[in-house]
2 protein chains.
Amino acid sequence: MDDLKEGNGPAQHSAATMYDVARRAKVSAMTVSRVINGNNYVSEATREKVLKAIDELGYRVNVAARAARMGTMRVGLLYSNPSAAFLSAFLVGAMAQCARSGAELILEPCEDVATQRKAIDRLIAHGADGVLVPPPLCDSPAALKRLRDIGMPTVAVATAKPAANISAVRIDDYDGARAMTAYLLSLGHTDIAFIKGDPNHTPAQLRYRAFQDTMRGAGLIVPAHRIAQGFFTYKSGLTAARQLLAHDSRPAAIFAANDDMGAAAVAVAHGMHLRVPEDIAIAGFDDTPVATTVWPELTTVHQPIGELGRAAVELVVEQARASRAGEPFATRHAVMPYRLEIRESTTGVSSDGA
Amino acid sequence: MDDLKEGNGPAQHSAATMYDVARRAKVSAMTVSRVINGNNYVSEATREKVLKAIDELGYRVNVAARAARMGTMRVGLLYSNPSAAFLSAFLVGAMAQCARSGAELILEPCEDVATQRKAIDRLIAHGADGVLVPPPLCDSPAALKRLRDIGMPTVAVATAKPAANISAVRIDDYDGARAMTAYLLSLGHTDIAFIKGDPNHTPAQLRYRAFQDTMRGAGLIVPAHRIAQGFFTYKSGLTAARQLLAHDSRPAAIFAANDDMGAAAVAVAHGMHLRVPEDIAIAGFDDTPVATTVWPELTTVHQPIGELGRAAVELVVEQARASRAGEPFATRHAVMPYRLEIRESTTGVSSDGA
DNA sequence: CTGAAAGCGCTTACAG
DNA sequence: CTGAAAGCGCTTACAG
C-alpha cells in the first residue's frame with residue numbers, strides 16, 4: 001500500500017517513475033531510458049529485466065517530463081480541400097495521440113498543387129519535425145517527393161496505393177468495397193448500381209474496381225447505365241442518383257463510393273417516392289457523421305478515421321524521434337481494420353427506440 | 001541576432017525562458033512565476049516591470065515544463081447522446097486548448113440521468129481536476145448541482161440559460177435566431193414557417209421565442225399551422241417539414257432550429273419538386289458539417305463550436321489551478337460571437353466554382 | 001512583498 | 001554495454 005500518497009497535489013496513486021523501474025530492475029535510470037527508447041546498446045538480458053520491471057510496475061513514460069527535456073515535437077498537418085467531416089474526425093484522433101506523445105499539431109492549409117511547395121516551406125519554418133498528408137494530397141507524388149527529398153519524416157494518410165518509400169496508414173479500400181458488394185448480394189440484390197468517386201483519388205479507383213470484380217465473381221455483368229460518375233460531393237451524388245434512377249427499370253440497390261453521395265441518393269429516392277430500403281437499398285462508404293444524420297441511417301463501410309489520425313501521429317513521432325537522434329527510420333505501412341456498418345438504409349430495421 | 005541557435009535539436013529561435021525575463025526585469029525567477037500565475041503578493045511596480053520584460057521578449061510559459069513540475073491537469077468531459085457532428089467539432093477545440101494548457105482530456109459517456117451520478121464518480125476516480133458539461137447535460141440541474149456540491153470546477157457548455165452559480169460558455173441563441181429571422185424578413189419573405197427543436201433544450205426554447213418576437217416586432221402574426229415540432233434530429237425534421245408543406249398555401253421560407261432539421265426540410269422540398277431557394281428558402285442553425293454537405297448549402301447561424309470547446313477548457317483549467325492552489329475561483333459566463341452564414345439555400349447564388 | 005534552494009521525471013553528453 | 005552527473009523550465013515550500 002505504499003503507492004498511496006496522501007500529500008498535496010493530484011492525490012493519485014503516484015505513478016511509477018524511471019527510478020522505480022531502475023531500482024526494481026537493479027540498473028541505472030539511464031539504462032531504463034535506453035530500453036524505453038529502443039536504443040540498441042543494451043544487452044538482451046538487461047533489456048528483459050527492465051521490461052519485466054516496467055510491466056510489473058505498470059510504468060508509463062511521463063510525456064510532460066520528456067517534453068520538458070527534449071523540447072516539444074511538432075507534427076505538421078498539410079491539408080487541402082478538406083471535407084469538414086473527415087478533417088474533424090481525423091483531428092480528434094491526431095490530437096489525442098499528440099497529447100499522449102507530448103507532441104504539438106501544426107495545421108497548414110494548402111489550396112492546390114501550386115501552393116504545395118510554399119505550404120511545405122511554411123511547415124519547415126514552423127519547425128515541423130514530421131508531416132502528415134491526408135487526402136487528396138496523399139496521392140500527389142510531387143508533394144510526397146519533396147518531403148522525401150528533404151528527409152522529412154512523412155506519413156501519407158488514407159491513400160489506397162501508398163508509395164513504397166513513404167510510410168502510410170490506411171484501410172483496405174478494395175476489401176471494404178468487396179465486402180459491401182458481397183453483403184448487398186447476400187441480401188438477394190443482383191441488380192446493383194454504383195456511384196463512382198472522384199477518379200483522381202486512389203480510394204475511388206479501388207472501391208469501384210472491387211465492386212466490379214465482386215459482381216463479376218458472382219457471375220453478374222453490370223451494364224453501363226448502372227454506373228454513374230460522382231466526385232465525392234453531395235451535389236455530384238444528386239446528379240448521379242437522378243441519372244441512375246431515370247431509367248425505366250430501376251436497380252434494386254445503389255452502392256455509393258462515399259456517404260455524402262449515398263445520402264444524396266437517399267434524398268433523390270425519397271423525392272421519387274421510393275421507400276428506402278423497401279423499394280431500393282442504398283449503401284455508402286466511410287461512416288462520416290452524415291451517415292447517421294440522414295434518415296434512414298446509411299449502411300456503410302466504417303473507416304476508422306480517428307484511428308487513422310492516431311496511428312499516423314504515432315508513426316510520424318516515432319520516425320521524428322529517430323531522425324532527431326540521428327538514427328535511420330524505416331518506412332512502414334499500417335492497414336487498419338474497416339468494418340461493415342449495417343443500418344436501416346439496407347435492412348429496414350430501425351435501431352432507434354423512438 | 002544572438003537568438004539564433006545553430007546547434008542540434010529543434011533548431012528554432014530559442015524561446016525566452018523565465019530566467020531571461022527575470023534577468024531583464026532585474027527580479028528573481030520566482031517573482032516572474034508569481035506574475036504569470038496571477039499571485040497577488042507582487043507589488044504593482046514589480047508586476048509592471050515583469051510584464052514589460054515578458055512583452056519585449058515575447059515570452060510564453062513552457063507548458064511542458066510546467067506540467068512536469070505540477071503534474072498534468074485533467075479535464076473531464078461528461079457527455080451524453082452526442083450529435084457526432086457537435087461532439088467532434090467541440091473536441092477539436094477542447095483538445096487544442098488542452099494541448100496549449102498542458103492538460104489532459106478524459107472522456108466520460110453518460111447515457112441518461114440515472115447513470116449521471118456514476119459517470120461523475122468515475123470522473124473523480126480518474127482524477128479529474130475540472131469538468132466540462134456540454135448539451136444536453138448542461139441543462140440538467142441535478143448533474144450541475146452534484147458537481148457544485150463537491151466543489152468541482154465546472155463549466156456548462158452551450159446552455160442558453162446558464163445558472164448563476166456555474167461557469168458557462170455559450171452563444172446568444174436568442175440574438176442569433178433574431179438575426180436570422182430579420183435576415184429572412186429582409187429578403188422580402190413575410191410568410192415564414194418554423195421547425196422547433198427539442199423542447200427540453202434551452203437553446204430550442206430561446207430560438208423559437210426569438211423567432212416569434214421578431215415576427216411580431218415586424219407586425220406579423222404566425223399562424224399555428226406554420227409551426228411544427230421537431231426534436232433536433234433529421235428524421236424529426238422530415239416529419240415536421242412534410243407537415244408544414246402539406247398545406248394548400250406554402251410558406252415562402254422555413255427556418256429550422258438546427259441544421260439537421262434544415263437539411264431534412266431541403267430534402268422534403270426537393271421531393272415535392274420545389275426549388276430551393278426559388279420556390280422556398282430554407283435556413284438552419286449551428287453550422288455543423290451537414291450544412292455544407294447538402295445541396296444547396298444551408299444558410300445558417302454559425303455557432304463557433306470549436307471556440308466554445310477552447311474557451312471552456314481555458315476557463316475550467318484556470319479554475320482548477322486556483323482550486324489546487326487553495327484559492328477561491330469566481331464563476332464566469334462567456335458569450336462567444338455567432339455569425340450569420342449566408343449560403344445558397346436562401347440566396348440561390350452558388351459559391352462553388354464547379 | 002521578494003528570493004535562494006531543491007526537485008518534477010526525463011535525456012544528453014561524457015566517462016568508463 | 002552501462003552509469004554518474006548535469007540540466008530542461010518551471011513551481012513548491014521555506015526563509016527573510
# chains A, B, ... in the order shown; residues from 1 in each chain; ligands from 1
>>> select_by_dssp(residues="range 311-349 of chain B", states="alpha helix (DSSP H)", output="list in words")
Ala311, Ala312, Val313, Glu314, Leu315, Val316, Val317, Glu318, Gln319, Ala320, Arg321, Ala322, Ser323, Arg324, Glu344, Ser345, Thr346 and Thr347 of chain B
>>> write_last_selection(atoms="C-alpha atoms", output="mmCIF file, in the first residue's frame")
data_model
loop_
_atom_site.group_PDB
_atom_site.id
_atom_site.type_symbol
_atom_site.label_atom_id
_atom_site.label_comp_id
_atom_site.auth_asym_id
_atom_site.auth_seq_id
_atom_site.Cartn_x
_atom_site.Cartn_y
_atom_site.Cartn_z
ATOM 1 C CA ALA B 311 -12.918 28.652 -24.161
ATOM 2 C CA ALA B 312 -14.480 26.038 -21.894
ATOM 3 C CA VAL B 313 -11.143 24.296 -21.359
ATOM 4 C CA GLU B 314 -9.371 27.583 -20.752
ATOM 5 C CA LEU B 315 -11.932 28.551 -18.139
ATOM 6 C CA VAL B 316 -12.017 25.221 -16.344
ATOM 7 C CA VAL B 317 -8.215 24.954 -16.262
ATOM 8 C CA GLU B 318 -7.972 28.417 -14.771
ATOM 9 C CA GLN B 319 -10.454 27.446 -12.093
ATOM 10 C CA ALA B 320 -8.788 24.126 -11.437
ATOM 11 C CA ARG B 321 -5.403 25.788 -10.991
ATOM 12 C CA ALA B 322 -6.882 28.223 -8.493
ATOM 13 C CA SER B 323 -8.591 25.341 -6.765
ATOM 14 C CA ARG B 324 -5.331 23.384 -6.500
ATOM 15 C CA GLU B 344 -27.349 29.142 -51.436
ATOM 16 C CA SER B 345 -30.410 27.789 -49.627
ATOM 17 C CA THR B 346 -31.686 31.336 -49.232
ATOM 18 C CA THR B 347 -29.867 33.287 -51.931
#
>>> residues_around(residues="Asp139 in chain B", least_positions_apart="4", cutoff="12 Å", atoms="only C-alpha atoms (C1' of nucleotides)", output="ChimeraX atom specification")
/B:80,113,133-135,143-145,155-163,166,168,199-204
>>> interface_residues(of="chain A", to="chain C", cutoff="7 Å", atoms="only C-alpha atoms (C1' of nucleotides)", output="list in words")
Thr17, Asn62, Ala65, Arg66 and Arg69 of chain A
>>> residues_around(residues="Gly219 in chain A", least_positions_apart="5", cutoff="12 Å", atoms="only C-alpha atoms (C1' of nucleotides)", output="list in words")
Leu185, Thr190, Asp191, Gln212, Asp213 and Thr214 of chain A
>>> closest_residue(among="B:Ala25, B:Met18, B:Val75, B:Cys98", to="chain A", atoms="only C-alpha atoms")
B:Cys98
>>> interface_residues(of="chain B", to="chain A", cutoff="9 Å", atoms="only C-alpha atoms", output="NGL selection string")
:B and (8-12 or 62-73 or 83-85 or 88-89 or 91-92 or 95-96 or 98-100 or 102-105 or 125-127 or 129 or 233-235 or 238 or 260 or 263-264 or 267-273 or 288-290 or 292-296 or 324)
>>> select_by_dssp(residues="range 77-250 of chain B", states="strand (DSSP E or B)", output="number ranges by chain")
B: 77-79, 103-109, 130-133, 154-157, 167-171, 192-196, 227-229
>>> residues_around(residues="Pro304 in chain B", least_positions_apart="2", cutoff="9 Å", atoms="only C-alpha atoms (C1' of nucleotides)", output="list in words")
Ala89, Phe90, Ile171, Asp286, Asp287, His302, Gly306, Glu307, Leu308, Gly309, Met336, Pro337, Tyr338 and Arg339 of chain B
>>> atom_distance(atom1="CA of Phe285 in chain B", atom2="CA of Ala256 in chain B")
6.9 Å
>>> atom_distance(atom1="CA of Ala291 in chain A", atom2="CA of Ala179 in chain A")
18.0 Å
>>> atom_distance(atom1="CA of Lys196 in chain A", atom2="CA of Leu274 in chain B")
27.3 Å
>>> decode(residues="range 4-15 of chain C", atoms="N, CA and C atoms (P, O5', C5', C4', C3', O3' and C1' of nucleotides)", output="PDB file, in the first residue's frame")
ATOM      1  P    DA C   4      18.386  35.285  -5.068  1.00  0.00           P
ATOM      2  O5'  DA C   4      18.920  34.063  -4.201  1.00  0.00           O
ATOM      3  C5'  DA C   4      19.012  34.182  -2.780  1.00  0.00           C
ATOM      4  C4'  DA C   4      19.199  32.811  -2.168  1.00  0.00           C
ATOM      5  C3'  DA C   4      20.000  31.832  -3.018  1.00  0.00           C
ATOM      6  O3'  DA C   4      20.656  30.909  -2.158  1.00  0.00           O
ATOM      7  C1'  DA C   4      17.764  31.087  -2.893  1.00  0.00           C
ATOM      8  P    DA C   5      21.442  29.652  -2.732  1.00  0.00           P
ATOM      9  O5'  DA C   5      20.379  28.459  -2.574  1.00  0.00           O
ATOM     10  C5'  DA C   5      19.840  28.185  -1.279  1.00  0.00           C
ATOM     11  C4'  DA C   5      18.926  26.975  -1.335  1.00  0.00           C
ATOM     12  C3'  DA C   5      19.491  25.787  -2.110  1.00  0.00           C
ATOM     13  O3'  DA C   5      19.379  24.630  -1.301  1.00  0.00           O
ATOM     14  C1'  DA C   5      17.309  26.303  -2.869  1.00  0.00           C
ATOM     15  P    DA C   6      19.968  23.215  -1.826  1.00  0.00           P
ATOM     16  O5'  DA C   6      18.642  22.417  -2.208  1.00  0.00           O
ATOM     17  C5'  DA C   6      17.530  22.453  -1.305  1.00  0.00           C
ATOM     18  C4'  DA C   6      16.354  21.731  -1.942  1.00  0.00           C
ATOM     19  C3'  DA C   6      16.753  20.473  -2.711  1.00  0.00           C
ATOM     20  O3'  DA C   6      15.793  19.461  -2.434  1.00  0.00           O
ATOM     21  C1'  DA C   6      15.560  21.916  -4.126  1.00  0.00           C
ATOM     22  P    DG C   7      15.994  18.008  -3.046  1.00  0.00           P
ATOM     23  O5'  DG C   7      14.862  17.968  -4.153  1.00  0.00           O
ATOM     24  C5'  DG C   7      13.510  18.244  -3.786  1.00  0.00           C
ATOM     25  C4'  DG C   7      12.667  18.187  -5.024  1.00  0.00           C
ATOM     26  C3'  DG C   7      12.970  16.968  -5.912  1.00  0.00           C
ATOM     27  O3'  DG C   7      11.749  16.412  -6.344  1.00  0.00           O
ATOM     28  C1'  DG C   7      13.161  18.945  -7.170  1.00  0.00           C
ATOM     29  P    DC C   8      11.679  14.958  -6.945  1.00  0.00           P
ATOM     30  O5'  DC C   8      10.555  15.105  -8.071  1.00  0.00           O
ATOM     31  C5'  DC C   8       9.317  15.765  -7.825  1.00  0.00           C
ATOM     32  C4'  DC C   8       8.710  16.121  -9.165  1.00  0.00           C
ATOM     33  C3'  DC C   8       9.049  15.113 -10.246  1.00  0.00           C
ATOM     34  O3'  DC C   8       7.960  14.196 -10.351  1.00  0.00           O
ATOM     35  C1'  DC C   8       9.407  17.378 -11.004  1.00  0.00           C
ATOM     36  P    DG C   9       8.247  12.631 -10.097  1.00  0.00           P
ATOM     37  O5'  DG C   9       8.720  12.152 -11.525  1.00  0.00           O
ATOM     38  C5'  DG C   9       7.876  12.379 -12.649  1.00  0.00           C
ATOM     39  C4'  DG C   9       8.710  12.331 -13.906  1.00  0.00           C
ATOM     40  C3'  DG C   9       9.493  11.026 -14.096  1.00  0.00           C
ATOM     41  O3'  DG C   9       9.133  10.494 -15.356  1.00  0.00           O
ATOM     42  C1'  DG C   9      10.889  12.908 -14.430  1.00  0.00           C
ATOM     43  P    DC C  10       9.784   9.214 -15.963  1.00  0.00           P
ATOM     44  O5'  DC C  10      10.874   9.816 -16.948  1.00  0.00           O
ATOM     45  C5'  DC C  10      10.432  10.442 -18.143  1.00  0.00           C
ATOM     46  C4'  DC C  10      11.475  11.400 -18.663  1.00  0.00           C
ATOM     47  C3'  DC C  10      12.646  10.751 -19.378  1.00  0.00           C
ATOM     48  O3'  DC C  10      12.363  10.692 -20.775  1.00  0.00           O
ATOM     49  C1'  DC C  10      13.313  12.619 -18.015  1.00  0.00           C
ATOM     50  P    DT C  11      13.341   9.859 -21.738  1.00  0.00           P
ATOM     51  O5'  DT C  11      14.552  10.864 -22.011  1.00  0.00           O
ATOM     52  C5'  DT C  11      14.304  12.067 -22.723  1.00  0.00           C
ATOM     53  C4'  DT C  11      15.598  12.851 -22.849  1.00  0.00           C
ATOM     54  C3'  DT C  11      16.679  12.136 -23.657  1.00  0.00           C
ATOM     55  O3'  DT C  11      17.227  13.105 -24.545  1.00  0.00           O
ATOM     56  C1'  DT C  11      17.540  12.755 -21.541  1.00  0.00           C
ATOM     57  P    DT C  12      18.069  12.635 -25.799  1.00  0.00           P
ATOM     58  O5'  DT C  12      19.385  13.534 -25.715  1.00  0.00           O
ATOM     59  C5'  DT C  12      19.278  14.911 -25.361  1.00  0.00           C
ATOM     60  C4'  DT C  12      20.593  15.394 -24.796  1.00  0.00           C
ATOM     61  C3'  DT C  12      21.819  14.917 -25.587  1.00  0.00           C
ATOM     62  O3'  DT C  12      22.724  15.999 -25.700  1.00  0.00           O
ATOM     63  C1'  DT C  12      22.053  14.350 -23.327  1.00  0.00           C
ATOM     64  P    DA C  13      23.795  16.079 -26.850  1.00  0.00           P
ATOM     65  O5'  DA C  13      24.645  14.761 -26.665  1.00  0.00           O
ATOM     66  C5'  DA C  13      26.041  14.834 -26.688  1.00  0.00           C
ATOM     67  C4'  DA C  13      26.605  15.485 -25.436  1.00  0.00           C
ATOM     68  C3'  DA C  13      28.079  15.097 -25.228  1.00  0.00           C
ATOM     69  O3'  DA C  13      28.823  16.187 -24.744  1.00  0.00           O
ATOM     70  C1'  DA C  13      26.749  14.326 -23.408  1.00  0.00           C
ATOM     71  P    DC C  14      30.438  16.073 -24.888  1.00  0.00           P
ATOM     72  O5'  DC C  14      30.866  15.151 -23.657  1.00  0.00           O
ATOM     73  C5'  DC C  14      30.729  15.649 -22.326  1.00  0.00           C
ATOM     74  C4'  DC C  14      31.083  14.547 -21.351  1.00  0.00           C
ATOM     75  C3'  DC C  14      32.369  13.798 -21.707  1.00  0.00           C
ATOM     76  O3'  DC C  14      33.313  14.006 -20.682  1.00  0.00           O
ATOM     77  C1'  DC C  14      30.639  12.301 -21.052  1.00  0.00           C
ATOM     78  P    DA C  15      34.839  13.559 -20.860  1.00  0.00           P
ATOM     79  O5'  DA C  15      35.010  12.567 -19.632  1.00  0.00           O
ATOM     80  C5'  DA C  15      34.971  11.217 -19.888  1.00  0.00           C
ATOM     81  C4'  DA C  15      34.447  10.476 -18.691  1.00  0.00           C
ATOM     82  C3'  DA C  15      35.324   9.268 -18.426  1.00  0.00           C
ATOM     83  O3'  DA C  15      35.521   9.073 -17.047  1.00  0.00           O
ATOM     84  C1'  DA C  15      33.099   8.578 -18.975  1.00  0.00           C
TER      85       DA C  15
END
